[in-house]
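A.B. asks: My file is target-v7.txt. It has compact mmCIF, C-alpha atoms:
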# COMPACT_ATOMS: atom_id res chain seq x y z
CA MET A 1 0.00 0.00 0.00
CA ARG A 2 2.75 2.37 0.88
CA ILE A 3 4.72 1.29 -2.18
CA ARG A 4 1.78 2.04 -4.44
CA THR A 5 1.29 5.41 -2.81
CA ALA A 6 4.96 6.21 -3.35
CA PHE A 7 4.72 5.24 -7.03
CA ILE A 8 1.72 7.44 -7.64
CA GLY A 9 3.46 10.29 -5.91
CA ALA A 10 6.51 9.88 -8.15
CA LEU A 11 4.29 9.90 -11.30
CA LEU A 12 2.56 13.10 -10.23
CA ALA A 13 5.94 14.68 -9.61
CA VAL A 14 6.99 13.89 -13.24
CA VAL A 15 3.79 15.35 -14.72
CA VAL A 16 4.16 18.52 -12.67
CA SER A 17 7.76 18.89 -13.75
CA LEU A 18 6.73 18.51 -17.35
CA GLY A 19 4.04 21.15 -16.99
CA LEU A 20 6.40 23.56 -15.29
CA ALA A 21 9.06 22.94 -17.91
CA THR A 22 6.77 24.02 -20.64
CA PRO A 23 7.61 27.80 -20.54
CA ALA A 24 11.34 27.12 -21.03
CA GLY A 25 10.61 24.85 -23.98
CA ALA A 26 8.15 27.39 -25.31
CA ALA A 27 10.80 30.16 -25.11
CA GLU A 28 13.22 28.03 -27.05
CA SER A 29 10.51 27.30 -29.77
CA ILE A 30 9.64 30.97 -30.09
CA GLY A 31 13.27 31.87 -30.80
CA SER A 32 13.67 29.16 -33.39
CA CYS A 33 10.27 29.93 -34.74
CA VAL A 34 11.11 33.62 -35.10
CA LEU A 35 14.46 32.71 -36.58
CA GLU A 36 12.83 30.49 -39.16
CA VAL A 37 10.27 33.13 -39.91
CA GLY A 38 13.01 35.70 -40.31
CA ILE A 39 15.06 33.40 -42.57
CA GLU A 40 11.96 32.60 -44.59
CA GLY A 41 11.16 36.33 -44.92
CA ALA A 42 14.71 37.16 -46.03
CA GLU A 43 14.59 34.43 -48.63
CA ARG A 44 11.26 35.71 -49.96
CA ILE A 45 12.59 39.29 -50.18
CA GLU A 46 15.64 38.07 -52.04
CA ALA A 47 13.30 36.13 -54.26
CA GLY A 48 11.69 39.37 -55.20
CA GLU A 49 8.45 39.22 -53.47
CA PRO A 50 7.03 42.51 -52.35
CA GLU A 51 8.61 43.59 -49.16
CA SER A 52 5.37 44.91 -47.66
CA GLU A 53 3.58 41.67 -48.24
CA VAL A 54 6.52 39.70 -46.88
CA LEU A 55 6.61 41.91 -43.82
CA ASP A 56 2.90 41.43 -43.27
CA ASP A 57 3.35 37.71 -43.46
CA LEU A 58 6.36 37.90 -41.22
CA GLU A 59 4.39 39.92 -38.76
CA SER A 60 1.62 37.36 -38.82
CA ALA A 61 4.07 34.50 -38.58
CA ALA A 62 5.92 36.17 -35.71
CA GLU A 63 2.66 36.77 -33.96
CA ARG A 64 1.91 33.05 -34.27
CA CYS A 65 5.40 32.29 -32.99
CA ILE A 66 4.94 34.39 -29.97
CA GLU A 67 1.49 33.09 -29.19
CA ALA A 68 1.62 31.35 -25.70
CA PRO A 69 1.96 27.54 -25.79
CA ASN A 70 -0.37 25.12 -23.91
CA PRO A 71 0.41 25.48 -20.21
CA ILE A 72 -0.43 21.83 -19.56
CA LEU A 73 0.69 19.84 -22.52
CA PRO A 74 4.31 20.20 -23.60
CA GLU A 75 5.57 19.86 -26.98
CA LEU A 76 4.96 16.50 -28.48
CA ASN A 77 8.62 15.65 -28.89
CA GLU A 78 9.33 16.57 -25.30
CA LEU A 79 6.39 14.58 -24.23
CA ILE A 80 7.71 11.56 -26.10
CA TRP A 81 11.24 11.87 -24.76
CA VAL A 82 10.10 12.56 -21.30
CA THR A 83 7.68 9.68 -21.41
CA LEU A 84 10.42 7.46 -22.79
CA ALA A 85 12.87 8.58 -20.13
CA PHE A 86 10.26 8.19 -17.50
CA GLY A 87 9.49 4.69 -18.68
CA ILE A 88 13.16 3.78 -18.65
CA LEU A 89 13.61 5.27 -15.22
CA ALA A 90 10.43 3.59 -14.01
CA VAL A 91 11.62 0.21 -15.31
CA LEU A 92 15.07 0.71 -13.82
CA GLY A 93 13.55 1.92 -10.62
CA LEU A 94 11.17 -1.01 -10.39
CA LYS A 95 13.93 -3.47 -11.24
CA PHE A 96 16.79 -2.16 -9.13
CA ALA A 97 15.79 0.67 -6.83
CA TYR A 98 12.44 -0.64 -5.76
CA PRO A 99 13.72 -3.99 -4.37
CA ALA A 100 16.52 -2.18 -2.56
CA VAL A 101 14.16 0.45 -1.22
CA ALA A 102 11.55 -2.17 -0.41
CA GLY A 103 14.23 -4.34 1.28
CA ALA A 104 15.51 -1.35 3.19
CA MET A 105 11.98 -0.44 4.13
CA ASP A 106 11.24 -4.01 5.13
CA ALA A 107 14.49 -4.19 7.09
CA ARG A 108 13.72 -0.91 8.71
CA THR A 109 10.19 -2.05 9.39
CA GLU A 110 11.50 -5.31 10.75
CA ARG A 111 14.09 -3.49 12.84
CA ILE A 112 11.48 -1.11 14.15
CA ARG A 113 9.14 -4.01 14.85
CA SER A 114 12.02 -5.85 16.49
CA ASP A 115 12.88 -2.77 18.49
CA LEU A 116 9.25 -2.39 19.45
CA GLU A 117 9.11 -6.04 20.46
CA ALA A 118 12.36 -5.68 22.37
CA ALA A 119 11.02 -2.56 23.98
CA GLU A 120 7.81 -4.41 24.79
CA GLN A 121 9.80 -7.33 26.13
CA ALA A 122 11.98 -4.95 28.11
CA LYS A 123 8.85 -3.28 29.38
CA LEU A 124 7.38 -6.62 30.38
CA THR A 125 10.67 -7.65 31.97
CA ALA A 126 10.88 -4.37 33.81
CA GLU A 127 7.30 -4.73 34.94
CA ALA A 128 7.97 -8.31 36.04
CA GLU A 129 11.07 -7.20 37.88
CA ALA A 130 9.14 -4.33 39.39
CA GLU A 131 6.42 -6.75 40.44
CA GLU A 132 9.03 -9.12 41.80
CA TYR A 133 10.69 -6.24 43.59
CA ARG A 134 7.35 -5.17 45.01
CA ALA A 135 6.68 -8.75 46.09
CA SER A 136 10.16 -9.01 47.53
CA LEU A 137 9.68 -5.71 49.28
CA ALA A 138 6.38 -6.95 50.64
CA ASP A 139 8.06 -10.17 51.75
CA SER A 140 10.88 -8.17 53.30
CA GLN A 141 8.42 -6.00 55.11
CA GLY A 142 6.57 -9.09 56.26
CA GLU A 143 9.81 -10.73 57.36
CA ALA A 144 10.89 -7.55 59.09
CA THR A 145 7.53 -7.39 60.84
CA ARG A 146 7.81 -11.04 61.86
CA ILE A 147 11.35 -10.53 63.16
CA VAL A 148 10.29 -7.48 65.10
CA ASP A 149 7.32 -9.41 66.53
CA GLU A 150 9.53 -12.34 67.47
CA ALA A 151 12.10 -10.01 69.02
CA ARG A 152 9.34 -8.27 70.95
CA ALA A 153 7.92 -11.61 72.12
CA ALA A 154 11.39 -12.85 73.11
CA ALA A 155 12.07 -9.63 74.99
CA GLU A 156 8.73 -9.94 76.76
CA ALA A 157 9.41 -13.57 77.66
CA LEU A 158 12.88 -12.67 78.90
CA ARG A 159 11.49 -9.79 80.93
CA ALA A 160 8.85 -12.07 82.44
CA GLU A 161 11.44 -14.75 83.18
CA ARG A 162 13.77 -12.27 84.83
CA ALA A 163 10.93 -10.80 86.79
CA ALA A 164 9.90 -14.27 87.95
CA THR A 165 13.49 -15.13 88.81
CA ALA A 166 13.94 -11.89 90.70
CA GLU A 167 10.67 -12.48 92.53
CA ALA A 168 11.70 -16.03 93.39
CA GLU A 169 15.10 -14.87 94.57
CA ALA A 170 13.51 -12.12 96.63
CA ALA A 171 11.12 -14.64 98.15
CA GLU A 172 13.99 -16.99 98.87
CA ILE A 173 16.01 -14.18 100.43
CA ARG A 174 13.03 -13.19 102.56
CA SER A 175 12.45 -16.79 103.54
CA ARG A 176 16.11 -17.33 104.32
CA ALA A 177 16.28 -14.11 106.29
CA LEU A 178 13.17 -15.11 108.20
CA THR A 179 14.59 -18.57 108.83
CA GLU A 180 17.89 -17.13 109.94
CA ALA A 181 16.12 -14.65 112.19
CA GLU A 182 14.07 -17.47 113.69
CA ALA A 183 17.22 -19.54 114.12
CA ILE A 184 19.04 -16.63 115.74
CA LYS A 185 16.07 -16.04 117.98
CA ALA A 186 15.86 -19.72 118.88
CA GLN A 187 19.61 -19.87 119.47
CA ALA A 188 19.45 -16.75 121.63
CA LEU A 189 16.61 -18.27 123.64
CA ALA A 190 18.49 -21.54 123.91
CA ASP A 191 21.64 -19.73 125.00
CA LEU A 192 19.68 -17.70 127.49
CA ARG A 193 17.93 -20.82 128.75
CA SER A 194 21.24 -22.65 128.99
CA GLU A 195 22.81 -19.73 130.80
CA VAL A 196 19.90 -19.55 133.21
CA ALA A 197 20.06 -23.32 133.68
CA SER A 198 23.80 -23.17 134.29
CA LEU A 199 23.36 -20.41 136.81
CA ALA A 200 20.50 -22.21 138.50
CA VAL A 201 22.22 -25.59 138.48
CA GLY A 202 25.48 -24.02 139.60
CA ALA A 203 23.70 -22.35 142.48
CA ALA A 204 21.91 -25.61 143.32
CA GLU A 205 25.22 -27.48 143.13
CA GLN A 206 26.81 -25.06 145.58
CA VAL A 207 23.87 -25.45 147.91
CA VAL A 208 24.02 -29.24 147.61
CA GLN A 209 27.76 -29.32 148.19
CA ARG A 210 27.37 -27.22 151.33
CA ASN A 211 24.67 -29.53 152.62
CA LEU A 212 26.20 -32.86 151.56
CA ASP A 213 27.87 -33.86 154.81
CA ALA A 214 28.81 -37.40 155.79
CA ASP A 215 25.33 -38.20 157.03
CA ALA A 216 23.74 -36.95 153.81
CA GLN A 217 26.22 -38.96 151.74
CA ALA A 218 25.52 -42.09 153.78
CA GLU A 219 21.79 -41.54 153.45
CA LEU A 220 22.11 -41.17 149.65
CA ILE A 221 24.11 -44.41 149.46
CA GLU A 222 21.63 -46.26 151.60
CA ASN A 223 18.73 -44.99 149.55
CA TYR A 224 20.51 -46.11 146.38
CA ILE A 225 21.18 -49.59 147.75
CA ASN A 226 17.60 -49.91 148.85
CA GLN A 227 16.23 -48.71 145.54
CA VAL A 228 18.47 -51.06 143.55
CA GLY A 229 17.55 -53.94 145.86
CA SER A 230 13.87 -53.23 145.52
CA GLY A 231 14.19 -53.22 141.77
CA ARG A 232 12.95 -49.61 141.36
CA MET B 233 48.53 -56.46 118.16
CA ALA B 234 48.38 -54.13 121.19
CA GLU B 235 45.04 -55.61 122.26
CA GLU B 236 46.48 -59.09 122.02
CA ARG B 237 49.39 -58.07 124.24
CA VAL B 238 46.96 -56.52 126.73
CA ALA B 239 44.95 -59.77 126.86
CA SER B 240 48.13 -61.87 127.17
CA TYR B 241 49.44 -59.79 130.06
CA ALA B 242 46.01 -59.88 131.75
CA ASP B 243 45.94 -63.68 131.49
CA ALA B 244 49.49 -63.91 132.85
CA LEU B 245 48.71 -61.60 135.78
CA PHE B 246 45.53 -63.57 136.50
CA SER B 247 47.64 -66.75 136.66
CA VAL B 248 49.85 -65.00 139.21
CA THR B 249 47.11 -63.50 141.40
CA ARG B 250 44.60 -66.35 141.36
CA SER B 251 46.73 -68.41 143.70
CA GLU B 252 47.39 -65.52 146.08
CA PRO B 253 45.48 -65.62 149.37
CA GLU B 254 45.00 -61.84 149.17
CA ARG B 255 43.86 -61.90 145.59
CA HIS B 256 41.01 -59.48 146.22
CA ARG B 257 43.34 -56.96 147.88
CA ILE B 258 45.81 -57.19 145.02
CA GLU B 259 43.06 -56.75 142.42
CA HIS B 260 41.65 -53.83 144.45
CA GLU B 261 45.05 -52.10 144.60
CA LEU B 262 45.62 -52.65 140.89
CA PHE B 263 42.09 -51.37 140.12
CA GLN B 264 42.59 -48.20 142.20
CA LEU B 265 45.97 -47.59 140.56
CA ALA B 266 44.38 -47.98 137.12
CA ARG B 267 41.68 -45.45 137.99
CA ALA B 268 44.32 -43.06 139.27
CA LEU B 269 46.27 -43.40 136.04
CA GLU B 270 43.08 -42.86 133.99
CA GLY B 271 42.75 -39.44 135.57
CA ASN B 272 46.41 -38.49 135.11
CA GLU B 273 47.59 -38.53 131.51
CA GLU B 274 51.01 -37.09 132.37
CA LEU B 275 51.73 -39.95 134.77
CA ARG B 276 50.46 -42.49 132.27
CA THR B 277 52.66 -41.02 129.57
CA SER B 278 55.68 -41.04 131.86
CA LEU B 279 55.26 -44.75 132.56
CA ALA B 280 55.07 -45.41 128.81
CA ASP B 281 57.92 -43.10 127.80
CA PRO B 282 60.81 -45.24 126.44
CA ASN B 283 63.16 -42.27 126.82
CA ILE B 284 62.84 -42.54 130.59
CA PRO B 285 65.09 -45.32 131.93
CA LEU B 286 63.17 -48.35 133.18
CA PRO B 287 64.61 -48.14 136.73
CA ARG B 288 63.31 -44.59 136.98
CA ARG B 289 59.84 -45.65 135.83
CA LEU B 290 59.83 -48.57 138.31
CA GLN B 291 60.81 -46.11 141.04
CA VAL B 292 57.74 -44.08 140.14
CA VAL B 293 55.63 -47.23 140.56
CA ASP B 294 57.06 -47.77 144.02
CA GLU B 295 56.29 -44.16 144.94
CA LEU B 296 52.72 -44.53 143.68
CA LEU B 297 51.94 -47.69 145.64
CA GLY B 298 53.95 -46.67 148.68
CA SER B 299 55.06 -48.97 151.41
CA GLY B 300 51.51 -50.18 151.96
CA GLY B 301 51.25 -51.80 148.57
CA HIS B 302 51.14 -55.59 148.35
CA PRO B 303 54.42 -56.97 146.97
CA VAL B 304 52.54 -58.91 144.34
CA THR B 305 50.80 -55.68 143.28
CA VAL B 306 54.14 -53.96 142.93
CA GLY B 307 55.47 -56.93 140.99
CA CYS B 308 52.49 -56.93 138.62
CA VAL B 309 52.82 -53.21 137.90
CA SER B 310 56.57 -53.55 137.42
CA LEU B 311 55.96 -56.39 134.98
CA ILE B 312 53.51 -54.27 132.97
CA VAL B 313 55.83 -51.24 132.86
CA ALA B 314 58.84 -53.42 131.98
CA GLY B 315 56.77 -54.91 129.16
CA GLU B 316 56.36 -51.38 127.70
CA LEU B 317 52.61 -51.43 128.45
CA GLY B 318 52.70 -48.66 131.05
CA GLY B 319 50.43 -46.52 128.91
CA ARG B 320 47.91 -49.37 128.68
CA LEU B 321 48.03 -50.29 132.38
CA PRO B 322 44.33 -49.43 133.02
CA ALA B 323 43.30 -51.67 130.12
CA VAL B 324 45.48 -54.54 131.38
CA VAL B 325 44.07 -54.22 134.91
CA ASP B 326 40.46 -54.00 133.68
CA ALA B 327 41.02 -57.16 131.61
CA LEU B 328 42.53 -58.85 134.67
CA VAL B 329 39.60 -57.88 136.91
CA ASP B 330 37.08 -58.94 134.29
CA HIS B 331 38.86 -62.24 133.77
CA SER B 332 38.94 -62.86 137.51
CA ALA B 333 35.19 -62.13 137.86
CA ARG B 334 34.26 -64.32 134.91
CA SER B 335 36.36 -67.15 136.27
CA ALA B 336 34.09 -67.05 139.36
CA GLY B 337 30.90 -66.76 137.29
CA ARG B 338 30.46 -63.08 138.07
CA GLU B 339 30.47 -59.72 136.34
CA VAL B 340 32.36 -56.58 137.33
CA ALA B 341 30.23 -53.75 138.66
CA ILE B 342 32.11 -50.45 138.60
CA VAL B 343 30.65 -48.26 141.32
CA ARG B 344 31.48 -44.54 141.40
CA SER B 345 30.95 -42.68 144.62
CA ALA B 346 32.08 -39.42 146.17
CA ILE B 347 33.07 -41.24 149.35
CA GLU B 348 34.49 -44.63 150.11
CA LEU B 349 31.92 -47.38 150.69
CA THR B 350 32.22 -49.55 153.73
CA ALA B 351 32.62 -53.29 153.35
CA ASP B 352 29.06 -53.71 154.56
CA GLN B 353 27.78 -51.23 152.05
CA GLN B 354 29.70 -52.97 149.28
CA GLN B 355 28.27 -56.37 150.26
CA ARG B 356 24.71 -55.04 150.48
CA LEU B 357 25.15 -53.22 147.20
CA ALA B 358 26.47 -56.42 145.54
CA ALA B 359 23.47 -58.31 146.87
CA ALA B 360 21.08 -55.61 145.69
CA LEU B 361 22.66 -55.59 142.24
CA ALA B 362 22.47 -59.39 142.07
CA THR B 363 18.80 -59.17 142.94
CA SER B 364 18.15 -56.43 140.41
CA LEU B 365 20.25 -57.81 137.54
CA GLY B 366 19.78 -61.52 138.20
CA ARG B 367 23.50 -62.29 138.27
CA GLU B 368 26.33 -62.10 140.75
CA VAL B 369 28.71 -59.13 140.56
CA ASP B 370 32.08 -58.10 141.92
CA VAL B 371 31.83 -54.53 143.15
CA ARG B 372 34.78 -52.30 142.29
CA VAL B 373 34.48 -48.88 143.89
CA VAL B 374 35.96 -45.81 142.22
CA LEU B 375 36.16 -42.59 144.19
CA ASP B 376 34.85 -39.80 142.00
CA PRO B 377 34.11 -36.44 143.67
CA ALA B 378 32.43 -35.25 140.48
CA VAL B 379 29.33 -37.28 141.31
CA LEU B 380 28.87 -34.99 144.36
CA GLY B 381 26.77 -37.57 146.18
CA GLY B 382 25.08 -40.94 145.71
CA ILE B 383 26.25 -43.81 143.50
CA VAL B 384 26.37 -44.72 139.82
CA THR B 385 26.93 -48.37 138.87
CA GLU B 386 28.06 -49.72 135.49
CA VAL B 387 27.65 -53.43 134.79
CA GLY B 388 28.50 -54.08 131.18
CA ASP B 389 26.21 -51.85 129.17
CA THR B 390 23.81 -51.31 132.08
CA VAL B 391 24.09 -48.01 133.99
CA ILE B 392 22.15 -47.33 137.20
CA ASP B 393 22.68 -43.67 138.09
CA GLY B 394 21.62 -42.36 141.49
CA THR B 395 24.08 -39.51 141.84
CA VAL B 396 23.41 -35.91 142.72
CA ARG B 397 25.29 -34.95 139.58
CA HIS B 398 22.79 -36.93 137.50
CA ARG B 399 19.86 -35.18 139.14
CA LEU B 400 21.43 -31.78 138.59
CA ASN B 401 21.94 -32.68 134.93
CA GLN B 402 18.29 -33.69 134.70
CA LEU B 403 17.40 -30.34 136.23
CA ARG B 404 19.59 -28.57 133.67
CA ASP B 405 17.95 -30.52 130.85
CA ALA B 406 14.51 -29.63 132.18
CA PHE B 407 15.14 -25.93 131.50
As structure tokens, how would this structure be written, given the file I've shared?

C.D. replies:
Amino acid sequence: MRIRTAFIGALLAVVVSLGLATPAGAAESIGSCVLEVGIEGAERIEAGEPESEVLDDLESAAERCIEAPNPILPELNELIWVTLAFGILAVLGLKFAYPAVAGAMDARTERIRSDLEAAEQAKLTAEAEAEEYRASLADSQGEATRIVDEARAAAEALRAERAATAEAEAAEIRSRALTEAEAIKAQALADLRSEVASLAVGAAEQVVQRNLDADAQAELIENYINQVGSGR
Amino acid sequence: MAEERVASYADALFSVTRSEPERHRIEHELFQLARALEGNEELRTSLADPNIPLPRRLQVVDELLGSGGHPVTVGCVSLIVAGELGGRLPAVVDALVDHSARSAGREVAIVRSAIELTADQQQRLAAALATSLGREVDVRVVLDPAVLGGIVTEVGDTVIDGTVRHRLNQLRDAF
């Protein structure tokens, strides 16, 4: 379609050039025409024809020479040569230039199509990569969120564990302190009781020693013998 | 080895004393000397010290028993010291006394008192112990002022405590 359009365009260009070339060709025909008319008039005068008649004819002939040619149709000979040249050029163009131009156009078309396809492919690849990047970004954000959540949960668990440990240690310290206080209190009471007992027993021992004379000793021995003998 | 030597010496001494008419006096003197040595570690160590010449240690034995000691008692102690068993003299004497009592079908009753018991008291106490324990005993009295008053008797693993010290200890424990 484009080739046909180009061909028609080229044909119109030739016709226009022929039409525009017409004035130049006409100018050249007028000169030759006037020259021929002049030569013909000179020959008629030399031949003895009346000069006034010859001049009138020359004037008429010159007027015909200088009449304006057809602005559309050139001279027939030009038209033939031009048509012949055009035909030759058209044949040569169709045989040699057209395949090259058509090949170049096809190659260019193919290259453009290939470039468009490559661009499309690149666009698709870029979009895929962008989608992949967005997905990866979403995954990264999800992973980051999960890591933060896990870190927060771990920190909370650690805090709770340490709090429980500290509470247990505090309870143990309180219990141990209470136990130690009770032990100290019990030991103090025991020491006090022992001291009181020692004082009391020591005092009793002194009293007993003062009162244990020979008669008391003999009485204790007799009582012992009697108790052992009675089986008590 | 030392225990075997103690038992051998006790058997030998029993063979010597069993035929003596004053066997009970000899055993009593040996028993009192053993109790005295039990309460005096320095004296017991001196009798066992090999660095002290034997004549000097035998002189100490003579001084301990004095002129009132039975000659057989002095001979027995000298034999023990000469046999390098001066430090184990209480153990040898206890084994001798126990052997002597068992040979007569009796057991040794160690009686601790703040004062000396009369012969009558010792006989009545032996009879009372025989009644209470169901077996005859030989009473060996040990003077021990720490009991303050009363008597404590040990027969084997049996202890019958009637001392003032025991009652004071009970009072202390009651606090």

A.B. asks: Wanna dump the chain B-chain A contacts at 9 Å for me, each residue with its shortest atom pair and the distance in Å to one decimal, counting only C-alpha atoms, ordered by chain and number, as a Markdown table?

C.D. replies:
| residue | atom | partner | partner_atom | distance |
| --- | --- | --- | --- | --- |
| B:Ser345 | CA | A:Ile221 | CA | 8.6 |
| B:Ala346 | CA | A:Gln217 | CA | 8.1 |
| B:Ile347 | CA | A:Gln217 | CA | 7.6 |
| B:Leu349 | CA | A:Ile221 | CA | 8.4 |
| B:Gln353 | CA | A:Glu222 | CA | 7.9 |
| B:Arg356 | CA | A:Ile225 | CA | 7.0 |
| B:Leu357 | CA | A:Ile225 | CA | 5.4 |
| B:Ala358 | CA | A:Ile225 | CA | 8.9 |
| B:Ala359 | CA | A:Gly229 | CA | 7.4 |
| B:Ala360 | CA | A:Gly229 | CA | 3.9 |
| B:Leu361 | CA | A:Val228 | CA | 6.3 |
| B:Ala362 | CA | A:Gly229 | CA | 8.3 |
| B:Thr363 | CA | A:Gly229 | CA | 6.1 |
| B:Ser364 | CA | A:Gly231 | CA | 5.3 |
| B:Leu365 | CA | A:Gly231 | CA | 8.7 |
| B:Leu380 | CA | A:Gln209 | CA | 6.9 |
| B:Gly381 | CA | A:Gln217 | CA | 5.8 |
| B:Gly382 | CA | A:Leu220 | CA | 4.9 |
| B:Ile383 | CA | A:Ile221 | CA | 6.4 |
| B:Val384 | CA | A:Tyr224 | CA | 8.9 |
| B:Ile392 | CA | A:Val228 | CA | 8.2 |
| B:Asp393 | CA | A:Tyr224 | CA | 8.9 |
| B:Gly394 | CA | A:Tyr224 | CA | 6.3 |
| B:Thr395 | CA | A:Leu220 | CA | 8.2 |
| B:Val396 | CA | A:Val208 | CA | 8.3 |
| B:Arg397 | CA | A:Glu205 | CA | 8.3 |
| B:Leu400 | CA | A:Val201 | CA | 6.2 |
| B:Asn401 | CA | A:Val201 | CA | 7.9 |
| B:Leu403 | CA | A:Val201 | CA | 7.1 |
| B:Arg404 | CA | A:Ala197 | CA | 5.3 |
| B:Asp405 | CA | A:Ala197 | CA | 8.0 |
| B:Ala406 | CA | A:Ala197 | CA | 8.5 |
| B:Phe407 | CA | A:Ala197 | CA | 6.0 |

A.B. asks: Considering only C-alpha atoms, can you say which of B:Val369, B:Ala239, B:Ile258, B:Leu290 comes closest to B:Gly318?

C.D. replies: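 Looking at the shortest contact to B:Gly318, the residue is B:Leu290.
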
A.B. asks: Considering all atoms listed in the file, return as a list in words whatever protein or nucleic-acid residues lie within 12 Å of B:Glu295, sequence-local ones (same chain, fewer than 6 positions apart) excluded.

C.D. replies: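 Once the nearby chain positions are removed, what remains is Leu265, Leu275, Arg288, Arg289, Gly301, Val306 and Val309 of chain B.
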
A.B. asks: How many Å lie between atom CA of B:Leu269 and atom CA of B:Pro285, rounded to one decimal?

C.D. replies: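 Atom-to-atom, atom CA of B:Leu269 and atom CA of B:Pro285 are spaced 19.4 Å apart.
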
A.B. asks: Restricting the calculation to only C-alpha atoms: of B:Ala327, B:Val293, B:Gly271, B:Asp243, which residue gets closest to B:Leu375?

C.D. replies: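 Of B:Ala327, B:Val293, B:Gly271, B:Asp243, the one nearest B:Leu375, counting only C-alpha atoms, is B:Gly271.
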
A.B. asks: Distance atom CA of B:Gly366-atom CA of B:Val379, one decimal place?

C.D. replies: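 Atom CA of B:Val379 lies 26.2 Å from atom CA of B:Gly366.
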